[in-house]
Every structure is written in C-alpha cells, then in structure tokens.
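Novice: Data file model.pdb (PDB, C-alpha atoms) is appended below.
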```pdb
ATOM      1  CA  MET A   1     -85.235  18.897  14.913
ATOM      2  CA  LYS A   2     -87.536  18.225  11.996
ATOM      3  CA  THR A   3     -86.906  20.206   8.808
ATOM      4  CA  ASN A   4     -90.095  21.216   7.096
ATOM      5  CA  THR A   5     -91.013  23.023   3.901
ATOM      6  CA  LEU A   6     -92.177  26.139   5.738
ATOM      7  CA  SER A   7     -88.809  26.594   7.427
ATOM      8  CA  ILE A   8     -87.033  26.151   4.098
ATOM      9  CA  ALA A   9     -89.286  28.712   2.377
ATOM     10  CA  THR A  10     -88.703  31.193   5.201
ATOM     11  CA  LEU A  11     -84.937  30.640   5.118
ATOM     12  CA  LEU A  12     -84.943  31.236   1.351
ATOM     13  CA  THR A  13     -86.780  34.491   1.981
ATOM     14  CA  ILE A  14     -84.155  35.438   4.585
ATOM     15  CA  ILE A  15     -81.397  34.800   2.039
ATOM     16  CA  LEU A  16     -83.114  36.731  -0.764
ATOM     17  CA  LEU A  17     -84.133  39.799   1.242
ATOM     18  CA  PRO A  18     -80.598  41.249   1.686
ATOM     19  CA  PHE A  19     -79.957  40.805  -2.054
ATOM     20  CA  HIS A  20     -83.169  42.653  -2.766
ATOM     21  CA  ILE A  21     -82.362  45.495  -0.377
ATOM     22  CA  GLY A  22     -78.855  45.762  -1.840
ATOM     23  CA  GLY A  23     -80.419  46.000  -5.286
ATOM     24  CA  ASP A  24     -82.735  48.743  -4.060
ATOM     25  CA  ILE A  25     -79.734  50.743  -2.897
ATOM     26  CA  ALA A  26     -77.508  50.019  -5.918
ATOM     27  CA  LEU A  27     -80.242  50.841  -8.435
ATOM     28  CA  GLY A  28     -81.295  54.041  -6.696
ATOM     29  CA  PHE A  29     -84.653  53.137  -5.190
ATOM     30  CA  ASP A  30     -83.407  53.645  -1.643
ATOM     31  CA  ARG A  31     -80.471  55.658  -0.325
ATOM     32  CA  GLY A  32     -79.733  53.021   2.298
ATOM     33  CA  GLY A  33     -77.445  54.109   5.070
ATOM     34  CA  ALA A  34     -76.838  52.961   8.602
ATOM     35  CA  GLY A  35     -80.496  53.394   9.572
ATOM     36  CA  LEU A  36     -81.473  50.614   7.211
ATOM     37  CA  VAL A  37     -79.261  48.150   9.086
ATOM     38  CA  TYR A  38     -81.103  48.903  12.323
ATOM     39  CA  ILE A  39     -84.336  47.783  10.698
ATOM     40  CA  VAL A  40     -83.227  44.920   8.455
ATOM     41  CA  VAL A  41     -81.058  43.019  10.940
ATOM     42  CA  PRO A  42     -83.743  42.715  13.664
ATOM     43  CA  VAL A  43     -86.375  41.729  11.086
ATOM     44  CA  LEU A  44     -84.135  39.008   9.640
ATOM     45  CA  LEU A  45     -83.234  37.864  13.164
ATOM     46  CA  LEU A  46     -86.914  37.609  14.084
ATOM     47  CA  LEU A  47     -87.660  35.628  10.919
ATOM     48  CA  SER A  48     -84.705  33.329  11.650
ATOM     49  CA  CYS A  49     -85.987  32.679  15.174
ATOM     50  CA  GLY A  50     -89.456  31.959  13.817
ATOM     51  CA  ALA A  51     -88.098  29.484  11.267
ATOM     52  CA  LEU A  52     -85.481  27.742  13.408
ATOM     53  CA  LEU A  53     -86.374  28.106  17.085
ATOM     54  CA  LEU A  54     -90.147  28.406  17.016
ATOM     55  CA  ALA A  55     -90.958  26.067  14.132
ATOM     56  CA  GLU A  56     -94.249  24.205  14.589
ATOM     57  CA  ARG A  57     -95.368  26.528  17.391
ATOM     58  CA  ARG A  58     -98.159  29.067  17.102
ATOM     59  CA  SER A  59     -95.778  32.010  17.551
ATOM     60  CA  GLY A  60     -93.435  30.627  14.881
ATOM     61  CA  TYR A  61     -96.283  30.200  12.417
ATOM     62  CA  ILE A  62     -97.439  33.770  13.030
ATOM     63  CA  ILE A  63     -93.920  35.192  12.608
ATOM     64  CA  MET A  64     -93.399  33.243   9.388
ATOM     65  CA  PHE A  65     -96.851  34.271   8.107
ATOM     66  CA  LEU A  66     -96.065  37.958   8.662
ATOM     67  CA  GLY A  67     -92.616  37.568   7.091
ATOM     68  CA  GLY A  68     -94.217  35.893   4.097
ATOM     69  CA  LEU A  69     -96.726  38.722   3.834
ATOM     70  CA  VAL A  70     -93.918  41.292   3.706
ATOM     71  CA  ALA A  71     -92.027  39.243   1.101
ATOM     72  CA  LEU A  72     -95.176  38.807  -0.990
ATOM     73  CA  GLY A  73     -95.726  42.549  -0.824
ATOM     74  CA  MET A  74     -92.324  43.404  -2.323
ATOM     75  CA  PRO A  75     -93.324  42.884  -5.988
ATOM     76  CA  VAL A  76     -96.579  44.764  -5.407
ATOM     77  CA  ILE A  77     -94.808  47.734  -3.805
ATOM     78  CA  HIS A  78     -92.272  47.986  -6.618
ATOM     79  CA  ARG A  79     -94.870  47.515  -9.325
ATOM     80  CA  ASN A  80     -97.074  50.314  -8.038
ATOM     81  CA  ASN A  81     -94.330  52.946  -8.127
ATOM     82  CA  GLY A  82     -93.248  52.269 -11.731
ATOM     83  CA  PHE A  83     -89.702  51.467 -10.620
ATOM     84  CA  THR A  84     -89.565  48.038 -12.251
ATOM     85  CA  ALA A  85     -89.848  49.332 -15.826
ATOM     86  CA  THR A  86     -86.656  51.385 -15.566
ATOM     87  CA  VAL A  87     -84.752  48.830 -13.488
ATOM     88  CA  ALA A  88     -85.346  45.965 -15.906
ATOM     89  CA  ARG A  89     -83.247  47.762 -18.532
ATOM     90  CA  SER A  90     -80.372  48.739 -16.229
ATOM     91  CA  PRO A  91     -77.233  46.697 -15.443
ATOM     92  CA  GLY A  92     -78.038  44.333 -12.596
ATOM     93  CA  GLY A  93     -81.730  44.729 -13.290
ATOM     94  CA  LEU A  94     -82.246  41.104 -14.245
ATOM     95  CA  PHE A  95     -80.919  39.839 -10.911
ATOM     96  CA  PHE A  96     -82.970  42.455  -9.065
ATOM     97  CA  MET A  97     -86.133  41.407 -10.886
ATOM     98  CA  TRP A  98     -85.335  37.740 -10.265
ATOM     99  CA  THR A  99     -84.992  38.352  -6.514
ATOM    100  CA  LEU A 100     -88.196  40.383  -6.552
ATOM    101  CA  VAL A 101     -90.212  37.609  -8.194
ATOM    102  CA  THR A 102     -88.602  34.885  -6.078
ATOM    103  CA  LEU A 103     -89.303  36.843  -2.891
ATOM    104  CA  GLY A 104     -92.952  37.016  -3.886
ATOM    105  CA  VAL A 105     -93.132  33.289  -4.568
ATOM    106  CA  THR A 106     -91.352  32.194  -1.372
ATOM    107  CA  GLY A 107     -93.365  34.720   0.646
ATOM    108  CA  GLY A 108     -96.647  33.458  -0.756
ATOM    109  CA  LEU A 109     -95.612  29.867  -0.119
ATOM    110  CA  ALA A 110     -94.641  30.727   3.469
ATOM    111  CA  MET A 111     -98.026  32.371   4.016
ATOM    112  CA  ILE A 112     -99.926  29.369   2.674
ATOM    113  CA  LEU A 113     -97.883  26.880   4.690
ATOM    114  CA  SER A 114     -98.123  29.008   7.852
ATOM    115  CA  ALA A 115    -101.893  29.245   7.542
ATOM    116  CA  ARG A 116    -102.042  25.507   7.005
ATOM    117  CA  GLY A 117     -99.847  24.912  10.065
ATOM    118  CA  LEU A 118    -102.006  27.190  12.208
ATOM    119  CA  TRP A 119    -105.116  25.361  11.003
ATOM    120  CA  THR A 120    -103.541  22.012  11.856
ATOM    121  CA  LEU A 121    -102.599  23.262  15.332
ATOM    122  CA  ARG A 122    -106.122  24.509  15.854
ATOM    123  CA  SER A 123    -107.726  21.220  14.873
ATOM    124  CA  ARG A 124    -105.219  19.234  16.933
ATOM    125  CA  THR A 125    -105.853  21.229  20.105
ATOM    126  CA  GLY A 126    -109.587  21.533  19.525
ATOM    127  CA  ARG A 127    -109.648  25.346  19.749
TER     128      ARG A 127
END
```
Render the structure in this file as structure tokens.
Specialist:
Amino acid sequence: MKTNTLSIATLLTIILLPFHIGGDIALGFDRGGAGLVYIVVPVLLLLSCGALLLAERRSGYIIMFLGGLVALGMPVIHRNNGFTATVARSPGGLFFMWTLVTLGVTGGLAMILSARGLWTLRSRTGR
C-alpha cells in the first residue's frame, strides 16, 4: 500500500477533529452528549475508510474532498459566531485555537490534493 500526502493530511484531520470537538464541549460552545458520538464516530470512520481503504480511487478522493471541506469550514463557522474572541482568552483556548487553525490547513490541503487526484484520474481514464 502506497502512502501518499493526501492520506496523511486526512489522517491528521481525523486526529485533530476529536480534540476540536472536545474543546467545543469543554469551552461551552456545544453541550455534547451521547448524540454527538452517534454523529462523530461514523463521520470519522467514513474518513478513515476513504484515506486507508479507498485511497487513489474516485470514491476515496470524493470522501476525502468532502472531509477536507468540513475541516476547512470549522474556522469559518467559529469565526462567524464570535466565539473565538472569548475562547482565545480562556484556559485551554490556545490549544483550541491551534486545533481550529490546523484543521483548516489540513482540510484545505486535503481538498486541493483530492481535486488534483480526481483530475489525474480523469486524464488517465480519458473521461
């Protein structure tokens, strides 16, 4: 199995997302609860399958592109609600902000690399 940069970027996103969600709960943005687990676990499982099992396939590229889009959207979502200004001054706020920025970067990188992989597949197959 060939390790590529897209899989690494997606796996970094998978590692950072639970830290981010935990920060949301700890800092009061989200109440959390058992319902959150029913959403987060399947999403992370789907991203893991896209990065590890479906790498270099069209379906894997699409899954990783959508996961990157969600990760890239995290800083935008938090910026628009004014939450980041109060969190930055609270205990644990620095780590939360770091995960937020890093999620955006790895998500954007995953989107770019996924689009590039889809383009390469398209030109290779002639469709």
Novice: Could you state the separation of CA of Leu27 (chain A) and CA of Met64 (chain A) in Å, given to one decimal place?
Specialist: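 Pair CA of Leu27 (chain A) / CA of Met64 (chain A) returns 28.3 Å.
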Novice: Please enumerate the residues selected by the PyMOL selection byres ((chain A and resi 23) around 10) when evaluated against the supplied file, formatted as number ranges by chain.
Specialist: A: 17-22, 24-30, 87, 92-93, 95-97, 99-100
Novice: Would you mind reading off the distance between CA of Val76 (chain A) and CA of Leu12 (chain A), one decimal, in Å?
Specialist: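 Rounded to one decimal, the two atoms are 19.1 Å apart.
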Novice: Can you list, as a JSON list (two decimals) with C-alpha atoms, in the frame of the given file, the residues that the PyMOL selection byres ((chain A and resi 111-125) around 8) selects here?
Specialist:
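Resulting contents of selection.json:
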```json
[["chain", "number", "residue", "atom", "x", "y", "z"],
["A", 5, "THR", "CA", -91.01, 23.02, 3.90],
["A", 6, "LEU", "CA", -92.18, 26.14, 5.74],
["A", 56, "GLU", "CA", -94.25, 24.20, 14.59],
["A", 58, "ARG", "CA", -98.16, 29.07, 17.10],
["A", 61, "TYR", "CA", -96.28, 30.20, 12.42],
["A", 62, "ILE", "CA", -97.44, 33.77, 13.03],
["A", 64, "MET", "CA", -93.40, 33.24, 9.39],
["A", 65, "PHE", "CA", -96.85, 34.27, 8.11],
["A", 66, "LEU", "CA", -96.06, 37.96, 8.66],
["A", 68, "GLY", "CA", -94.22, 35.89, 4.10],
["A", 69, "LEU", "CA", -96.73, 38.72, 3.83],
["A", 107, "GLY", "CA", -93.36, 34.72, 0.65],
["A", 108, "GLY", "CA", -96.65, 33.46, -0.76],
["A", 109, "LEU", "CA", -95.61, 29.87, -0.12],
["A", 110, "ALA", "CA", -94.64, 30.73, 3.47],
["A", 126, "GLY", "CA", -109.59, 21.53, 19.52],
["A", 127, "ARG", "CA", -109.65, 25.35, 19.75]]
```
